[in-house]
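K.L.:
Mind looking over this structure? Questions follow.
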Amino acid sequence: MTIDFTKDWRNVALLAVLLAAAFFLPSWLRFLLQTALAGGLVALGVMIQMRAGLVSFGQGLYYCIGGYAVGLLAAKAGVAEATLVIAAAVISSVVIALILGPLLSRYREIFFAMLTLAVSMILYGLLVKAATLGSTDGFNVPPVTFFGFLPAQEARGDWTYVLTALLVVVACFLIARYLASGAGALLEAVAENELRLEYLGSSARQAVYIVYVIAAAVSGLGGALAAIATGHVDPEMANWTTSGGFVFVALLAGRGSAIAPVLGFFLLELVRTYALDIAPNAWQLILGAVMLAVILLLPDGLWSLVRRAPK
Amino acid sequence: MKYLGKMLAAAASAAVLVGGIATAEQEKKPLKIGIPVFLSGAAAGPFGLPERKAAELVIDALNAGKVPAPYTKIGVNGRKIAPTFVDEAADAPTEYRALVEREKVEVVVGYTSSGKCKAIAPLAEELKAFTVFIDCGTPQIFEEIVTKPKFLFRTGPTATPDNVGAARYLVDSGIDLSRVAGINQNYAWGQDSWRDFSTSLAALGVKSKIVDKQFPKIFAGEYGAEVSSLLTSTPTVVHTSFWGGDLEAFVLQSAPRGLFARTRVVMTTGEALFPRLAKDIPEGAIVGARGPFSIFAPDTELARWFAKAYEEKYGESPTYPAWKMAQALFGVKAAYEAAGVDATPEEAAAALVGLEFEAPAGIVKMAIGNGHQAIQSIAYGVYKLGADGKPTVEKVRTYKAECVNPPNGMTSAKWIAAGFPGAKCK
């Protein structure tokens, strides 16, 4: 199934409008949106790899690297400048991805899934053993400053929301441009027929390497924004259950737009919080039923509803 | 016109009447309490369930006015308590905000995991929400994370007394401490417990050789290799802070291999085994209950009522997490009632600072963390299966709260390293 991403920037513009309007939501709901946006970026990283037929079961690795980069700088090194810590989070994710990429880009299907999972679990294991970093308890991240300015406690939520919304829109826009580009179009060819792609003179490994690094960058950004939003990081970010959640959101939301995983993550969180409220003992059951229904009724994810509508 | 005037007058009097009813209703407005405990995952069985059961028991009894003195007043200040349970296993900061801002609860009473407590602690102060942690062992909450608390409290003692108390018990009982070993889960709780225990022994002037340190993964469930290592390193004492299913598995796997027969094993959370494994715990094991809970509880009317009511309602005796939940709820009630009949959450929080209140486990003193952190005594004893098949302890030693907790303003780690300055043990 070929999807034209050249017009996806319109969806991103729509996302920008929605996020601007969401500024006025009640603060608990806006906070839920803010954390969902951060997580949604990681799901977006999973989604673009899925376009190449690759399922990353270890995207939590970069989520965790991004979060810990912010945490270590702000809490342990005393650098709490938002621009610096976020840049550091993205750069450290990219550097790790550049190192791991040559190995991982050789593998496909279940082997790729298991290898990504394994690498992520190595980080999880290391962090759990690191007593100085609080082991499983993790540690708290102090509030970030904006060009040296530290907003008052009451206004911090507003500032970090605006920061998150801006960066998420920019990231979605860049991903949409990437998917619309030649390099992005190659992903589908990798999934469809790798041999033919090679005969046409393109390198499948290179296409996979590129998407892997780009996915790492957005996931690292997601981790950084999550750490800033919740003010706490722990090794659970790298655990396979967290990564599995991102895969699920990517499947649930669909692969039709760069904004689908971001919105999908928010919808899922909304279902989760109300399920928790209605059935504190059986909320997973409600969540599972919703997921099952989406998979059975909308095999191409929630986004297929949006794509179907204009026709 | 006249008619309209009458109408207006009637409407006005009706409004007064309705208003009057509304204020009367308002006086009895229920006290909404949010209760986050583990309702799913590995911590639900050993912690979340007893906590939830205890909360339901205490809240029902308070609403019905059936609790003995000093808590005979109905509900809290005559207001019925309306609990909202939420699963601690879900994303804690999001659900905490939903409780405070969407459900508009006045008080949040809960949290067992140290990781969750760490994430919630600054949030409670930011949202200015009266919050009482029931458990979560880490002493960092008021030592590092929230150093000037206003709205945040913890009515359960930290994990420090568990291990300081265990070390003191071993020394005072004259147990051979020449070769010490430890088996603790490789995560924050296990690492901290072992550090506190081994540094406490050193601070007490014991010259022991650490012969073995085992840190298996949490929820490993299979300890064959670790038990072999503990057996071959021939320690005289083995320390463990295992809990829940891991502790059960460890006892069931190591007892038949003779670990308990060869060495003294001290289990800081051993009491939690009693309801299920009473017949499998080897006699002679040294057990604690993370405070004066359960079998170590004082013989007061409130303690007897709680243990009996819990057993009657659920058919099992309450383990320490249940006691800690009850303790937190009584702390909230005591704070509201100390603050006055129409106390707001802010006033109640201010009244809880430095308060001493009675709980089923005796008097709780909000003495450290600038009056926001409770201290309590700790007790250890030697396990013995009673003639009636009921688990008991003998050779119990109880250490006063001031003996096993650091003084206000000092961190646990520094206090232990400095050799317990200011400890009052007599």
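Please note that chains go A, B, ... in the order of the structure tokens, that every chain numbers its residues from 1, and that ligands are numbered from 1 in the order shown.
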Check every residue of chain B for an atom within 10 Å of chain A, counting only C-alpha atoms, and provide those that qualify as a PyMOL selection string.
P.N.:
chain B and resi 36-40+84-88+90-103+113-123+125-127+138+144-145+186-192+215+217
K.L.:
Running DSSP on the backbone, which parts of segment 67-260 of chain A land in alpha helix (DSSP H), as a PyMOL selection string?
P.N.:
chain A and resi 67-71+82-104+109-129+156-180+182-192+194-199+204-230+240-253+260
K.L.:
Quick one: residues within 7 Å of Glu106 of chain B, only C-alpha atoms, excluding same-chain residues fewer than 5 positions away - as number ranges by chain?
P.N.:
B: 31-33, 130, 345
K.L.:
Restricted to N, CA, C and O atoms, what would the selected residues look like written as a short mmCIF file (atom, residue, chain, number, x, y, z; two decimals), in the first residue's frame?
P.N.:
data_model
loop_
_atom_site.label_atom_id
_atom_site.label_comp_id
_atom_site.auth_asym_id
_atom_site.auth_seq_id
_atom_site.Cartn_x
_atom_site.Cartn_y
_atom_site.Cartn_z
N LEU B 31 -15.54 13.38 52.79
CA LEU B 31 -14.11 13.64 52.60
C LEU B 31 -13.60 12.68 51.53
O LEU B 31 -13.55 11.46 51.76
N LYS B 32 -13.25 13.23 50.38
CA LYS B 32 -12.78 12.36 49.29
C LYS B 32 -11.29 12.08 49.47
O LYS B 32 -10.49 13.01 49.53
N ILE B 33 -10.96 10.80 49.56
CA ILE B 33 -9.56 10.41 49.70
C ILE B 33 -9.17 9.57 48.50
O ILE B 33 -9.87 8.60 48.16
N PHE B 130 -2.55 17.81 49.89
CA PHE B 130 -2.27 17.07 51.12
C PHE B 130 -2.07 15.59 50.76
O PHE B 130 -3.00 14.94 50.29
N PRO B 345 -7.94 21.03 53.88
CA PRO B 345 -6.76 20.16 53.74
C PRO B 345 -5.48 20.86 54.17
O PRO B 345 -4.61 20.24 54.80
#
K.L.:
Can you measure atom CA of Gln376 of chain B to atom CA of Gln140 of chain B for me? One decimal in Å is fine.
P.N.:
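Atom CA of Gln376 of chain B sits 17.5 Å away from atom CA of Gln140 of chain B.
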K.L.:
Neighbouring residues of segment 281-294 of chain B were defined as those with any atom within 6 Å, considering only C-alpha atoms; residues of the same chain fewer than 4 positions away were excluded. Please report them as a short mmCIF file (atom, residue, chain, number, x, y, z; two decimals) with C-alpha atoms, in the first residue's frame.
P.N.:
data_model
loop_
_atom_site.label_atom_id
_atom_site.label_comp_id
_atom_site.auth_asym_id
_atom_site.auth_seq_id
_atom_site.Cartn_x
_atom_site.Cartn_y
_atom_site.Cartn_z
CA ASP B 162 14.75 -2.22 59.65
CA VAL B 265 19.10 -16.04 58.89
CA VAL B 266 17.63 -12.60 59.57
CA MET B 267 14.69 -11.64 57.35
CA THR B 268 13.73 -7.98 57.67
CA THR B 269 10.26 -8.57 56.21
CA GLY B 270 9.89 -12.13 57.53
CA GLU B 271 6.58 -11.50 59.26
CA TYR B 320 2.45 -5.14 57.91
CA ALA B 361 0.81 -0.15 66.02
CA ILE B 378 11.33 -1.65 65.60
CA TYR B 380 12.86 -8.45 65.99
CA GLY B 381 12.27 -11.92 67.35
CA VAL B 382 13.02 -15.58 66.80
CA TYR B 383 10.39 -17.53 64.91
CA LYS B 384 8.56 -20.35 66.65
#
K.L.:
Might you pull out every residue within 9 Å of Tyr209 of chain A, with only C-alpha atoms counted and same-chain residues fewer than 6 positions away left off, and present them as an NGL selection string?
P.N.:
:A and (97-98 or 101-102 or 104-106)
K.L.:
Put those residues in a file: C-alpha atoms, as a JSON list (two decimals), in the first residue's frame.
P.N.:
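Everything below was put into result-v3.json:
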[["chain", "number", "residue", "atom", "x", "y", "z"],
["A", 97, "ALA", "CA", 22.39, 4.80, 16.97],
["A", 98, "LEU", "CA", 25.30, 5.55, 14.63],
["A", 101, "GLY", "CA", 23.23, 0.99, 13.26],
["A", 102, "PRO", "CA", 25.82, -0.86, 11.13],
["A", 104, "LEU", "CA", 21.35, -3.76, 13.30],
["A", 105, "SER", "CA", 20.85, -2.69, 9.68],
["A", 106, "ARG", "CA", 22.02, -6.18, 8.63]]
K.L.:
Based on the backbone DSSP call, show me all residues of segment 287-402 of chain B assigned strand (DSSP E), as an MDAnalysis selection string.
P.N.:
chainID B and resid 287:288 356:359 362:368 373:375 378:385 391:399
K.L.:
Within 8 Å of Ala215 of chain A, counting only C-alpha atoms, which residues qualify if same-chain residues fewer than 2 places away don't, as a PyMOL selection string?
P.N.:
chain A and resi 42+44-46+48-49+211-213+217-219
K.L.:
Got a sec: who's within 9 Å of Ile228 of chain A, counting only C-alpha atoms, leaving out chain neighbours fewer than 3 positions off, as a PyMOL selection string?
P.N.:
chain A and resi 67+70-71+82+141-144+160+223-225+231-232
K.L.:
Those same residues - N, CA, C and O atoms - I'd like them written as a PDB file, in the first residue's frame.
P.N.:
ATOM      1  N   GLY A  67      15.973  10.439  28.214  1.00  0.00           N
ATOM      2  CA  GLY A  67      15.554  10.806  29.569  1.00  0.00           C
ATOM      3  C   GLY A  67      16.736  10.928  30.508  1.00  0.00           C
ATOM      4  O   GLY A  67      16.871  11.902  31.255  1.00  0.00           O
ATOM      5  N   VAL A  70      19.015  14.023  29.910  1.00  0.00           N
ATOM      6  CA  VAL A  70      18.465  15.215  30.565  1.00  0.00           C
ATOM      7  C   VAL A  70      18.664  15.116  32.080  1.00  0.00           C
ATOM      8  O   VAL A  70      19.131  16.056  32.732  1.00  0.00           O
ATOM      9  N   GLY A  71      18.326  13.951  32.624  1.00  0.00           N
ATOM     10  CA  GLY A  71      18.411  13.766  34.069  1.00  0.00           C
ATOM     11  C   GLY A  71      19.828  13.941  34.587  1.00  0.00           C
ATOM     12  O   GLY A  71      20.063  14.661  35.563  1.00  0.00           O
ATOM     13  N   ALA A  82      17.181  24.206  29.108  1.00  0.00           N
ATOM     14  CA  ALA A  82      16.343  23.321  28.289  1.00  0.00           C
ATOM     15  C   ALA A  82      16.973  23.035  26.928  1.00  0.00           C
ATOM     16  O   ALA A  82      17.053  21.878  26.513  1.00  0.00           O
ATOM     17  N   VAL A 141      14.514  14.793  38.349  1.00  0.00           N
ATOM     18  CA  VAL A 141      15.126  15.764  37.453  1.00  0.00           C
ATOM     19  C   VAL A 141      14.639  17.152  37.871  1.00  0.00           C
ATOM     20  O   VAL A 141      13.434  17.390  37.889  1.00  0.00           O
ATOM     21  N   PRO A 142      15.548  18.052  38.217  1.00  0.00           N
ATOM     22  CA  PRO A 142      15.099  19.389  38.623  1.00  0.00           C
ATOM     23  C   PRO A 142      14.475  20.140  37.446  1.00  0.00           C
ATOM     24  O   PRO A 142      14.711  19.779  36.285  1.00  0.00           O
ATOM     25  N   PRO A 143      13.668  21.160  37.716  1.00  0.00           N
ATOM     26  CA  PRO A 143      13.037  21.906  36.610  1.00  0.00           C
ATOM     27  C   PRO A 143      14.077  22.548  35.710  1.00  0.00           C
ATOM     28  O   PRO A 143      15.137  22.985  36.170  1.00  0.00           O
ATOM     29  N   VAL A 144      13.773  22.603  34.410  1.00  0.00           N
ATOM     30  CA  VAL A 144      14.733  23.161  33.457  1.00  0.00           C
ATOM     31  C   VAL A 144      14.543  24.678  33.350  1.00  0.00           C
ATOM     32  O   VAL A 144      13.480  25.210  33.653  1.00  0.00           O
ATOM     33  N   THR A 160       6.672  24.246  30.013  1.00  0.00           N
ATOM     34  CA  THR A 160       7.111  22.955  29.472  1.00  0.00           C
ATOM     35  C   THR A 160       6.104  22.437  28.449  1.00  0.00           C
ATOM     36  O   THR A 160       6.477  21.759  27.495  1.00  0.00           O
ATOM     37  N   GLY A 223      12.133  10.992  24.965  1.00  0.00           N
ATOM     38  CA  GLY A 223      12.594  10.690  26.319  1.00  0.00           C
ATOM     39  C   GLY A 223      12.947  11.954  27.080  1.00  0.00           C
ATOM     40  O   GLY A 223      12.629  12.092  28.270  1.00  0.00           O
ATOM     41  N   ALA A 224      13.600  12.901  26.388  1.00  0.00           N
ATOM     42  CA  ALA A 224      13.981  14.159  27.031  1.00  0.00           C
ATOM     43  C   ALA A 224      12.738  14.919  27.480  1.00  0.00           C
ATOM     44  O   ALA A 224      12.667  15.415  28.610  1.00  0.00           O
ATOM     45  N   LEU A 225      11.725  14.972  26.607  1.00  0.00           N
ATOM     46  CA  LEU A 225      10.508  15.715  26.944  1.00  0.00           C
ATOM     47  C   LEU A 225       9.744  15.021  28.070  1.00  0.00           C
ATOM     48  O   LEU A 225       9.138  15.683  28.923  1.00  0.00           O
ATOM     49  N   GLY A 231       9.624  15.027  35.581  1.00  0.00           N
ATOM     50  CA  GLY A 231      10.636  15.349  36.593  1.00  0.00           C
ATOM     51  C   GLY A 231      11.235  14.125  37.255  1.00  0.00           C
ATOM     52  O   GLY A 231      11.739  14.201  38.369  1.00  0.00           O
ATOM     53  N   HIS A 232      11.179  12.991  36.578  1.00  0.00           N
ATOM     54  CA  HIS A 232      11.704  11.765  37.179  1.00  0.00           C
ATOM     55  C   HIS A 232      12.095  10.812  36.056  1.00  0.00           C
ATOM     56  O   HIS A 232      11.396  10.714  35.069  1.00  0.00           O
TER      57      HIS A 232
END
